[in-house]
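**Q** The structure follows.
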Amino acid sequence: MEAESEPYVRLATLRTLHRVVADLNAARSLAGTLQAVVEGAVHGLGFDAAAVSLVRPDGDLVVAAVWELEESPMGGPSVLLGQVGSRESWDRLLGVSDHWGTLRFLPYDRGWAVASDIPRWIGDGPLPVYANDWHPADGLLAPMYSAGGDLLGVLSVDRPRSGKRPGAWTREALEMFSLQASIAIGNARLRAEMQRALARLEKEQQALRASEESFRQAFEYAPSGMAITELHGAGRGQLTRVNDALCRLLGRPRAVLRQQSFVDLVHPEDRALLERTSAESGRAELRLSRRDGGYQWVCLRNSIVADAAEGPSFLLTHVEDIEDRKRHELQLAHRASHDALTGLPNGAELKARLARRLCPEPQPVGAAAGPAEVGYPPAYGYPADSYSAHTAYEGLEGADPYAGPVHGYGPAEGAPLPGLGAGFGEHVHAVVPAEYGPGGEAWSVPFRSGPAVPVDKGLAVLFCDLDGFKSINDRFGHNAGDSVLVEVARRLSGAVRDGDTVARLGGDEFVVLADGIGREEAKDLAHRLRNAIIPPMRIDGRAMRVGVSLGIGWAGCGMSIEEVLHTADERMYDEKRARGGAVRGARGERSHRRAG
């Protein structure tokens with residue numbers, strides 16, 4: 001038992017307490033202060049172990065310091081370092097503990113109150129014999145509060161060296177010590193904040209002193225192009241400063257660039273975009289002219305640098321080379337719109353090309369007297385010359401030059417589309433050609449009202465379905481079938497005219513789009529396609545042969561894409577039935593698979 005009646009014991013405790021409090025105030029950092037708290041509780045107050053759980057900015061408590069008189073073989077309380085307990089669990093624990101003044105005592109039989117997320121270590125001390133003996137699962141806590149009443153942390157002590165639950169004198173000493181520890185921790189935090197503030201202030205002053213030099217070096221030695229543009233005065237818009245990277249990128253000397261502006265360098269089709277970007281202080285992807293006459297794809301990022309007193313002073317522009325990325329984007333877009341096996345446009349791309357040629361309204365009366373007036377475009381997308389100094393599909397083997405615009409390689413916003421010319425809202429209609437009787441009279445004229453004006457050429461849609469392909473798949477395997485499809489795609493592409501589209505819908509179905517073609521020419525084209533496919537092909541050392549059923553449909557404005565493809569599909573099946581070919585499978589379905 002504690003000999004609390006002996007004055008010399010209390011005096012020795014006070015001396016020790018004074019010494020450990022002095023150690024608290026001598027600590028130079030928050031970490032040093034926390035360590036002095038746990039060591040003071042062990043050496044000055046007669047406990048074998050102590051730990052401090054500090055409140056974090058988010059409110060939870062983390063074990064920030066531990067100390068043990070003799071290190072335990074299993075690691076002791078030191079294993080708790082860095083473990084976190086929620087504020088809610090700690091508040092509940094402090095609430096159910098016995099109140100010993102400002103201290104909180106949790107007897108071992110109330111261990112259920114310790115939530116699973118509260119860091120806890122139980123030693124292997126002796127079990128109590130008498131009522132006031134210390135149990136290994138007992139806990140004594142000293143909450144530490146700031147001057148404003150906010151919880152700073154909790155000091156936990158364990159295993160009094162007397163083996164007894166602390167008496168009144170030890171409790172009072174622990175209360176006094178925890179109060180001093182609260183003050184020391186508060187002061188340490190204040191010192192740390194002041195040191196951080198002073199460090200920030202010094203850093204800001206150094207940054208201000210070195211800002212001009214730092215900016216100069218960052219500007220001059222940046223790996224990508226940098227430029228400064230004047231915003232006011234006679235030199236408004238002129239490049240007043242450029243770095244070496246921009247000179248290398250455009251192949252122009254610094255002296256020449258400083259006599260020009262971005263308006264002088266930008267591609268004519270991108271000028272409107274440049275002007276909007278300069279006004280909005282944003283970013284844009286556009287083309288700048290090089291010294292060799294070509295154009296370079298770049299990404300411009302503008303930042304308006306303003307003076308606090310005079311407002312915007314100049315425009316800082318970061319010029320990034322995106323030529324490789326543009327080409328990579330183009331390749332990805334090509335893969336998305338083309339069949340991976342054959343390299344042909346896929347079903348989605350076929351419908352997109354049809355959509356660019358069709359509109360909801362039929363051609364007005366007298367809009368076209370023949371092919372020259374109709375002005376049928378050679379393709380369904382943007383022509384090659386719209387790419388200026390670039391070729392959109394340059395480097396893409398087997399690429400189709402007539403696909404739509406991809407990632408900026410097409411014409412600029414507002415430029416006319418191919419097939420869109422003067423008259424009729426800038427759209428040249430697709431018209432179904434007239435059919436003529438034996439005497440030359442027109443049997444059908446594709447106009448809804450007014451005097452009929454026959455048109456001899458239009459947009460033909462040839463639907464091709466392979467015959468006998470399923471047996472090749474079944475007999476020789478899918479690898480052989482894939483090789484047959486690749487060869488068929490090659491033969492079809494070689495049989496069509498320049499500018500025609502050969503697309504694979506999926507399975508063994510292909511579609512050919514031929515614009516500016518008459519009915520007899522379409523029949524001749526179908527004959528060429530059939531003759532191209534019929535000859536045997538050598539696959540894996542075997543001679544294989546497939547047939548083809550073809551149906552010719554016609555696309556005209558006022559028709560839906562589904563209607564166009566369905567018409568060609570039905571005519572293909574008319575031919576298949578006329579030739580006695582297998583049209584439906586055992587379950588009344590087509591004997592091949594449709595995709596898309």
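Residue numbers start at 1 in each chain; chains themselves are named A, B, ... in the order of the structure tokens; ligands are numbered from 1 in the order shown.
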Please produce, as JSON lines, a per-residue contact table for range 151-229 of chain A versus range 108-132 of chain A (criterion: any atom at most 9 Å away, only C-alpha atoms considered), showing the nearest atom pair and its distance in Å to one decimal, sorted by chain then residue number.

**A**
{"residue": "A:Asp158", "atom": "CA", "partner": "A:Gly123", "partner_atom": "CA", "distance": 8.9}
{"residue": "A:Arg159", "atom": "CA", "partner": "A:Gly125", "partner_atom": "CA", "distance": 7.9}
{"residue": "A:Gly163", "atom": "CA", "partner": "A:Pro128", "partner_atom": "CA", "distance": 8.7}
{"residue": "A:Lys164", "atom": "CA", "partner": "A:Asn132", "partner_atom": "CA", "distance": 5.8}
{"residue": "A:Arg165", "atom": "CA", "partner": "A:Asn132", "partner_atom": "CA", "distance": 5.5}
{"residue": "A:Pro166", "atom": "CA", "partner": "A:Asn132", "partner_atom": "CA", "distance": 8.6}

**Q** Enumerate as a PyMOL selection string all residues of range 258-300 of chain A assigned to strand (DSSP E or B) by DSSP on the backbone, naming them with the chain letters and numbers the document uses.

**A** chain A and resi 261+266+283-289+295-300

**Q** Once you have the residues from the selection above, write them out as an mmCIF file, in the first residue's frame, restricted to N, CA and C atoms.

**A**
data_model
loop_
_atom_site.group_PDB
_atom_site.id
_atom_site.type_symbol
_atom_site.label_atom_id
_atom_site.label_comp_id
_atom_site.auth_asym_id
_atom_site.auth_seq_id
_atom_site.Cartn_x
_atom_site.Cartn_y
_atom_site.Cartn_z
ATOM 1 N N SER A 261 2.674 37.305 -85.338
ATOM 2 C CA SER A 261 1.682 36.973 -84.320
ATOM 3 C C SER A 261 1.144 35.580 -84.617
ATOM 4 N N VAL A 266 -1.264 30.819 -87.869
ATOM 5 C CA VAL A 266 -2.289 29.789 -87.760
ATOM 6 C C VAL A 266 -2.835 29.411 -89.135
ATOM 7 N N ARG A 283 -7.915 26.987 -74.057
ATOM 8 C CA ARG A 283 -7.020 26.105 -74.799
ATOM 9 C C ARG A 283 -7.661 25.744 -76.117
ATOM 10 N N ALA A 284 -6.827 25.416 -77.093
ATOM 11 C CA ALA A 284 -7.327 25.017 -78.408
ATOM 12 C C ALA A 284 -6.281 24.154 -79.085
ATOM 13 N N GLU A 285 -6.757 23.213 -79.887
ATOM 14 C CA GLU A 285 -5.885 22.386 -80.708
ATOM 15 C C GLU A 285 -6.032 22.849 -82.148
ATOM 16 N N LEU A 286 -4.929 23.328 -82.713
ATOM 17 C CA LEU A 286 -4.972 23.898 -84.053
ATOM 18 C C LEU A 286 -3.624 23.709 -84.733
ATOM 19 N N ARG A 287 -3.522 24.243 -85.954
ATOM 20 C CA ARG A 287 -2.314 24.055 -86.755
ATOM 21 C C ARG A 287 -1.581 25.380 -86.948
ATOM 22 N N LEU A 288 -0.260 25.333 -86.763
ATOM 23 C CA LEU A 288 0.599 26.486 -87.002
ATOM 24 C C LEU A 288 1.557 26.162 -88.140
ATOM 25 N N SER A 289 1.837 27.149 -88.942
ATOM 26 C CA SER A 289 2.685 26.929 -90.114
ATOM 27 C C SER A 289 4.147 26.805 -89.710
ATOM 28 N N TYR A 295 2.236 22.278 -91.882
ATOM 29 C CA TYR A 295 1.541 22.729 -90.673
ATOM 30 C C TYR A 295 1.774 21.738 -89.548
ATOM 31 N N GLN A 296 1.905 22.260 -88.353
ATOM 32 C CA GLN A 296 2.189 21.487 -87.162
ATOM 33 C C GLN A 296 0.989 21.529 -86.221
ATOM 34 N N TRP A 297 0.492 20.348 -85.822
ATOM 35 C CA TRP A 297 -0.583 20.311 -84.841
ATOM 36 C C TRP A 297 -0.029 20.640 -83.461
ATOM 37 N N VAL A 298 -0.638 21.619 -82.797
ATOM 38 C CA VAL A 298 -0.205 22.027 -81.466
ATOM 39 C C VAL A 298 -1.436 22.236 -80.588
ATOM 40 N N CYS A 299 -1.199 22.208 -79.286
ATOM 41 C CA CYS A 299 -2.224 22.574 -78.318
ATOM 42 C C CYS A 299 -1.784 23.875 -77.661
ATOM 43 N N LEU A 300 -2.596 24.914 -77.830
ATOM 44 C CA LEU A 300 -2.300 26.214 -77.222
ATOM 45 C C LEU A 300 -3.054 26.331 -75.905
#

**Q** CA of Ala489 in chain A and CA of Thr342 in chain A are how many Å apart?

**A**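 It comes out at 6.3 Å.
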
**Q** Find the distance between CA of Leu246 in chain A and CA of Met226 in chain A and write it in Å to one decimal.

**A**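 Interatomic distance, CA of Leu246 in chain A to CA of Met226 in chain A: 6.2 Å.
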
**Q** Rounded to one decimal in Å, what is the spacing between CA of Lys203 in chain A and CA of Val242 in chain A?

**A** 29.1 Å

**Q** Could you check the closest approach to Leu257 in chain A for each of A:Asn479, A:Ile304, A:Asp270, A:Arg291 and tell me which residue wins, using only C-alpha atoms?

**A**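 The answer is A:Arg291, which sits nearest to Leu257 in chain A.
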
**Q** Find the residue from A:Ala340, A:Leu525, A:Val564, A:Leu80 that sits nearest to Asp500 in chain A; use only C-alpha atoms when measuring.

**A**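 Once distances to Asp500 in chain A are computed over only C-alpha atoms, the minimum belongs to A:Leu525.
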
**Q** So, with only C-alpha atoms as the atoms that count, which of A:Pro57, A:Ser89, A:Arg236, A:Ala348 lies closest to His334 in chain A?

**A** A:Ala348

**Q** What's around range 515-519 of chain A at 6 Å? Count only C-alpha atoms, leave out sequence neighbours fewer than 3 positions away in its own chain, and write the answer as a compact mmCIF listing (two decimals) with N, CA, C and O atoms, in the first residue's frame.

**A**
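Output below, filename selection-v6.txt:
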# COMPACT_ATOMS: atom_id res chain seq x y z
N TYR A 376 -22.42 14.69 -108.10
CA TYR A 376 -22.23 13.61 -107.15
C TYR A 376 -20.79 13.63 -106.64
O TYR A 376 -19.85 13.67 -107.41
N ASP A 456 -30.48 9.84 -114.22
CA ASP A 456 -29.95 8.57 -114.70
C ASP A 456 -28.96 7.92 -113.75
O ASP A 456 -28.65 6.75 -113.89
N LYS A 457 -28.42 8.68 -112.82
CA LYS A 457 -27.39 8.14 -111.94
C LYS A 457 -27.76 8.42 -110.49
O LYS A 457 -28.42 9.40 -110.19
N GLY A 458 -27.31 7.54 -109.62
CA GLY A 458 -27.63 7.70 -108.21
C GLY A 458 -26.66 6.93 -107.32
O GLY A 458 -25.57 6.54 -107.74
N LEU A 459 -27.09 6.69 -106.10
CA LEU A 459 -26.28 6.01 -105.10
C LEU A 459 -26.76 4.57 -104.97
O LEU A 459 -27.83 4.30 -104.41
N ALA A 522 -24.55 -0.31 -112.47
CA ALA A 522 -24.64 -1.05 -111.22
C ALA A 522 -24.69 -2.55 -111.48
O ALA A 522 -24.08 -3.35 -110.74

**Q** Quick one: everything within 8 Å of Leu152 in chain A, counting only C-alpha atoms, minus sequence neighbours fewer than 3 positions away in the same chain. Send it as a list in words.

**A**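 Surrounding residues, per the criterion: Leu54, Val55, Pro143, Met144, Tyr145, Ser146, Ser182, Ile185 and Gly186 of chain A.
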
**Q** List the neighbours of Leu174 in chain A out to 12 Å using only C-alpha atoms; skip same-chain residues closer than 6 positions along the sequence, and give me the result as number ranges by chain.

**A** A: 13-14, 17, 20-21, 37-38, 40-42, 44-47, 50, 100-104, 140-144, 155-157, 160, 166-168, 180-181

**Q** Write the residues of the preceding selection, restricted to N, CA, C and O atoms, as a tab-separated table (two decimals), in the first residue's frame.

**A**
chain	number	residue	atom	x	y	z
A	13	THR	N	8.04	12.81	-4.46
A	13	THR	CA	7.19	12.78	-5.66
A	13	THR	C	7.08	14.17	-6.28
A	13	THR	O	7.13	14.33	-7.51
A	14	LEU	N	6.94	15.19	-5.42
A	14	LEU	CA	6.85	16.56	-5.94
A	14	LEU	C	8.13	16.96	-6.66
A	14	LEU	O	8.10	17.64	-7.69
A	17	LEU	N	8.13	15.23	-9.92
A	17	LEU	CA	7.14	15.86	-10.78
A	17	LEU	C	7.66	17.18	-11.32
A	17	LEU	O	7.46	17.51	-12.50
A	20	VAL	N	10.15	16.39	-14.14
A	20	VAL	CA	9.59	15.93	-15.43
A	20	VAL	C	8.81	17.04	-16.12
A	20	VAL	O	8.77	17.11	-17.36
A	21	VAL	N	8.20	17.94	-15.31
A	21	VAL	CA	7.52	19.09	-15.92
A	21	VAL	C	8.53	20.00	-16.58
A	21	VAL	O	8.29	20.56	-17.66
A	37	VAL	N	6.22	13.52	-22.16
A	37	VAL	CA	5.01	13.24	-21.37
A	37	VAL	C	4.98	11.77	-20.94
A	37	VAL	O	4.77	11.45	-19.76
A	38	VAL	N	5.19	10.84	-21.90
A	38	VAL	CA	5.11	9.42	-21.54
A	38	VAL	C	6.28	9.02	-20.65
A	38	VAL	O	6.11	8.22	-19.71
A	40	GLY	N	7.83	10.99	-18.53
A	40	GLY	CA	7.57	11.58	-17.23
A	40	GLY	C	6.56	10.80	-16.43
A	40	GLY	O	6.67	10.64	-15.21
A	41	ALA	N	5.51	10.26	-17.12
A	41	ALA	CA	4.51	9.46	-16.42
A	41	ALA	C	5.13	8.19	-15.88
A	41	ALA	O	4.74	7.72	-14.79
A	42	VAL	N	6.08	7.61	-16.58
A	42	VAL	CA	6.71	6.36	-16.14
A	42	VAL	C	7.72	6.62	-15.03
A	42	VAL	O	7.69	5.99	-13.97
A	44	GLY	N	8.34	9.53	-13.32
A	44	GLY	CA	7.99	10.47	-12.26
A	44	GLY	C	6.80	10.09	-11.43
A	44	GLY	O	6.65	10.56	-10.29
A	45	LEU	N	5.90	9.22	-11.98
A	45	LEU	CA	4.66	8.93	-11.26
A	45	LEU	C	4.54	7.47	-10.86
A	45	LEU	O	3.51	7.06	-10.30
A	46	GLY	N	5.52	6.66	-11.19
A	46	GLY	CA	5.54	5.31	-10.68
A	46	GLY	C	4.73	4.30	-11.48
A	46	GLY	O	4.24	3.32	-10.91
A	47	PHE	N	4.59	4.51	-12.79
A	47	PHE	CA	3.92	3.54	-13.64
A	47	PHE	C	4.95	2.85	-14.53
A	47	PHE	O	6.00	3.41	-14.85
A	50	ALA	N	3.23	3.91	-20.32
A	50	ALA	CA	2.35	5.05	-20.61
A	50	ALA	C	2.28	5.26	-22.11
A	50	ALA	O	3.21	4.91	-22.85
A	100	TRP	N	-12.52	9.87	-11.52
A	100	TRP	CA	-11.62	10.16	-10.39
A	100	TRP	C	-11.12	11.60	-10.59
A	100	TRP	O	-10.03	11.84	-11.09
A	101	GLY	N	-11.95	12.55	-10.24
A	101	GLY	CA	-11.61	13.93	-10.54
A	101	GLY	C	-11.63	14.13	-12.05
A	101	GLY	O	-12.64	13.86	-12.72
A	102	THR	N	-10.51	14.61	-12.61
A	102	THR	CA	-10.42	14.74	-14.07
A	102	THR	C	-9.95	13.45	-14.73
A	102	THR	O	-9.91	13.35	-15.95
A	103	LEU	N	-9.56	12.47	-13.90
A	103	LEU	CA	-9.10	11.19	-14.44
A	103	LEU	C	-10.29	10.28	-14.72
A	103	LEU	O	-11.40	10.49	-14.21
A	104	ARG	N	-10.04	9.25	-15.54
A	104	ARG	CA	-11.05	8.26	-15.83
A	104	ARG	C	-10.43	6.88	-15.60
A	104	ARG	O	-9.39	6.55	-16.18
A	140	LEU	N	-6.25	3.37	-16.65
A	140	LEU	CA	-6.34	4.70	-16.04
A	140	LEU	C	-6.01	5.73	-17.12
A	140	LEU	O	-4.93	5.69	-17.73
A	141	LEU	N	-6.94	6.64	-17.35
A	141	LEU	CA	-6.84	7.60	-18.45
A	141	LEU	C	-6.86	9.01	-17.89
A	141	LEU	O	-7.62	9.31	-16.95
A	142	ALA	N	-6.03	9.88	-18.49
A	142	ALA	CA	-5.99	11.29	-18.09
A	142	ALA	C	-6.26	12.14	-19.33
A	142	ALA	O	-5.34	12.42	-20.11
A	143	PRO	N	-7.51	12.54	-19.57
A	143	PRO	CA	-7.80	13.40	-20.72
A	143	PRO	C	-7.09	14.74	-20.58
A	143	PRO	O	-7.02	15.31	-19.48
A	144	MET	N	-6.58	15.25	-21.69
A	144	MET	CA	-5.87	16.54	-21.69
A	144	MET	C	-6.62	17.50	-22.58
A	144	MET	O	-6.94	17.19	-23.74
A	155	LEU	N	-3.80	10.72	-22.06
A	155	LEU	CA	-2.63	10.04	-21.51
A	155	LEU	C	-3.11	8.78	-20.80
A	155	LEU	O	-3.94	8.84	-19.89
A	156	SER	N	-2.63	7.64	-21.25
A	156	SER	CA	-3.00	6.35	-20.65
A	156	SER	C	-1.80	5.80	-19.89
A	156	SER	O	-0.69	5.75	-20.44
A	157	VAL	N	-2.02	5.41	-18.63
A	157	VAL	CA	-0.94	4.83	-17.82
A	157	VAL	C	-1.36	3.42	-17.41
A	157	VAL	O	-2.56	3.10	-17.30
A	160	PRO	N	0.87	0.22	-12.19
A	160	PRO	CA	1.59	0.94	-11.12
A	160	PRO	C	2.63	0.01	-10.49
A	160	PRO	O	2.37	-1.18	-10.28
A	166	PRO	N	-4.04	3.24	-7.92
A	166	PRO	CA	-3.48	4.48	-7.35
A	166	PRO	C	-4.38	5.07	-6.28
A	166	PRO	O	-5.61	5.09	-6.41
A	167	GLY	N	-3.70	5.58	-5.20
A	167	GLY	CA	-4.41	6.26	-4.14
A	167	GLY	C	-4.62	7.72	-4.47
A	167	GLY	O	-4.31	8.20	-5.56
A	168	ALA	N	-5.16	8.46	-3.48
A	168	ALA	CA	-5.53	9.85	-3.71
A	168	ALA	C	-4.33	10.70	-4.10
A	168	ALA	O	-4.42	11.56	-4.98
A	180	GLN	N	-0.20	19.97	-16.75
A	180	GLN	CA	1.04	20.54	-17.29
A	180	GLN	C	1.34	19.98	-18.69
A	180	GLN	O	1.83	20.70	-19.56
A	181	ALA	N	1.02	18.70	-18.87
A	181	ALA	CA	1.24	18.11	-20.19
A	181	ALA	C	0.34	18.76	-21.25
A	181	ALA	O	0.76	18.98	-22.38

**Q** Nearest to Val502 in chain A: which of A:Leu34, A:Ala568, A:Val263, A:Leu350 is it, counting only C-alpha atoms?

**A**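 Of A:Leu34, A:Ala568, A:Val263, A:Leu350, the one nearest Val502 in chain A, counting only C-alpha atoms, is A:Leu350.
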
**Q** Which is closest to Arg490 in chain A among A:Leu344, A:Val511, A:Ala434, A:Met194, if we use only C-alpha atoms?

**A**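 The closest residue to Arg490 in chain A is A:Leu344.
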
**Q** Just asking: which residues within range 157-194 of chain A are helix (DSSP H, G or I) according to DSSP, as a list in words?

**A**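 Going through range 157-194 of chain A, the helix (DSSP H, G or I) residues come out as Ala168, Trp169, Thr170, Arg171, Glu172, Ala173, Leu174, Glu175, Met176, Phe177, Ser178, Leu179, Gln180, Ala181, Ser182, Ile183, Ala184, Ile185, Gly186, Asn187, Ala188, Arg189, Leu190, Arg191, Ala192, Glu193 and Met194 of chain A.
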
**Q** Mind writing the picked residues with N, CA and C atoms as a compact mmCIF listing (two decimals), in the first residue's frame?

**A**
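Final output, saved to part.txt:
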# COMPACT_ATOMS: atom_id res chain seq x y z
N ALA A 168 -5.16 8.46 -3.48
CA ALA A 168 -5.53 9.85 -3.71
C ALA A 168 -4.33 10.70 -4.10
N TRP A 169 -3.18 10.47 -3.45
CA TRP A 169 -2.00 11.30 -3.74
C TRP A 169 -1.49 11.05 -5.16
N THR A 170 -1.41 9.81 -5.57
CA THR A 170 -0.94 9.50 -6.92
C THR A 170 -1.92 10.05 -7.97
N ARG A 171 -3.22 9.94 -7.67
CA ARG A 171 -4.20 10.49 -8.61
C ARG A 171 -4.03 12.00 -8.76
N GLU A 172 -3.86 12.67 -7.61
CA GLU A 172 -3.69 14.13 -7.67
C GLU A 172 -2.43 14.50 -8.44
N ALA A 173 -1.36 13.73 -8.22
CA ALA A 173 -0.11 14.01 -8.94
C ALA A 173 -0.32 13.79 -10.45
N LEU A 174 -1.06 12.72 -10.80
CA LEU A 174 -1.31 12.47 -12.21
C LEU A 174 -2.18 13.56 -12.82
N GLU A 175 -3.15 14.10 -12.05
CA GLU A 175 -3.96 15.21 -12.55
C GLU A 175 -3.10 16.44 -12.79
N MET A 176 -2.23 16.74 -11.83
CA MET A 176 -1.34 17.90 -11.98
C MET A 176 -0.45 17.71 -13.21
N PHE A 177 0.08 16.49 -13.36
CA PHE A 177 0.99 16.23 -14.48
C PHE A 177 0.25 16.33 -15.82
N SER A 178 -0.98 15.79 -15.90
CA SER A 178 -1.72 15.85 -17.17
C SER A 178 -2.07 17.29 -17.52
N LEU A 179 -2.33 18.14 -16.48
CA LEU A 179 -2.60 19.55 -16.75
C LEU A 179 -1.38 20.22 -17.35
N GLN A 180 -0.20 19.97 -16.75
CA GLN A 180 1.04 20.54 -17.29
C GLN A 180 1.34 19.98 -18.69
N ALA A 181 1.02 18.70 -18.87
CA ALA A 181 1.24 18.11 -20.19
C ALA A 181 0.34 18.76 -21.25
N SER A 182 -0.90 19.08 -20.85
CA SER A 182 -1.81 19.77 -21.78
C SER A 182 -1.24 21.11 -22.20
N ILE A 183 -0.73 21.86 -21.21
CA ILE A 183 -0.13 23.17 -21.52
C ILE A 183 1.08 23.01 -22.42
N ALA A 184 1.93 22.02 -22.10
CA ALA A 184 3.14 21.81 -22.90
C ALA A 184 2.79 21.41 -24.34
N ILE A 185 1.80 20.53 -24.49
CA ILE A 185 1.41 20.11 -25.84
C ILE A 185 0.81 21.28 -26.62
N GLY A 186 -0.03 22.09 -25.93
CA GLY A 186 -0.59 23.27 -26.59
C GLY A 186 0.49 24.23 -27.04
N ASN A 187 1.48 24.47 -26.14
CA ASN A 187 2.59 25.36 -26.50
C ASN A 187 3.41 24.79 -27.64
N ALA A 188 3.63 23.46 -27.61
CA ALA A 188 4.41 22.84 -28.69
C ALA A 188 3.70 22.99 -30.04
N ARG A 189 2.38 22.80 -30.00
CA ARG A 189 1.63 22.98 -31.25
C ARG A 189 1.70 24.42 -31.73
N LEU A 190 1.57 25.36 -30.80
CA LEU A 190 1.65 26.77 -31.17
C LEU A 190 3.02 27.09 -31.76
N ARG A 191 4.07 26.58 -31.10
CA ARG A 191 5.42 26.81 -31.64
C ARG A 191 5.56 26.21 -33.04
N ALA A 192 5.00 25.01 -33.22
CA ALA A 192 5.10 24.36 -34.53
C ALA A 192 4.37 25.18 -35.59
N GLU A 193 3.19 25.70 -35.23
CA GLU A 193 2.45 26.52 -36.19
C GLU A 193 3.20 27.81 -36.50
N MET A 194 3.79 28.43 -35.47
CA MET A 194 4.56 29.65 -35.70
C MET A 194 5.78 29.37 -36.58

**Q** Which of these, A:Gly59, A:Gly507, A:Gly541, A:Pro136, has the shortest distance to Phe469 in chain A once you count only C-alpha atoms?

**A** A:Gly507
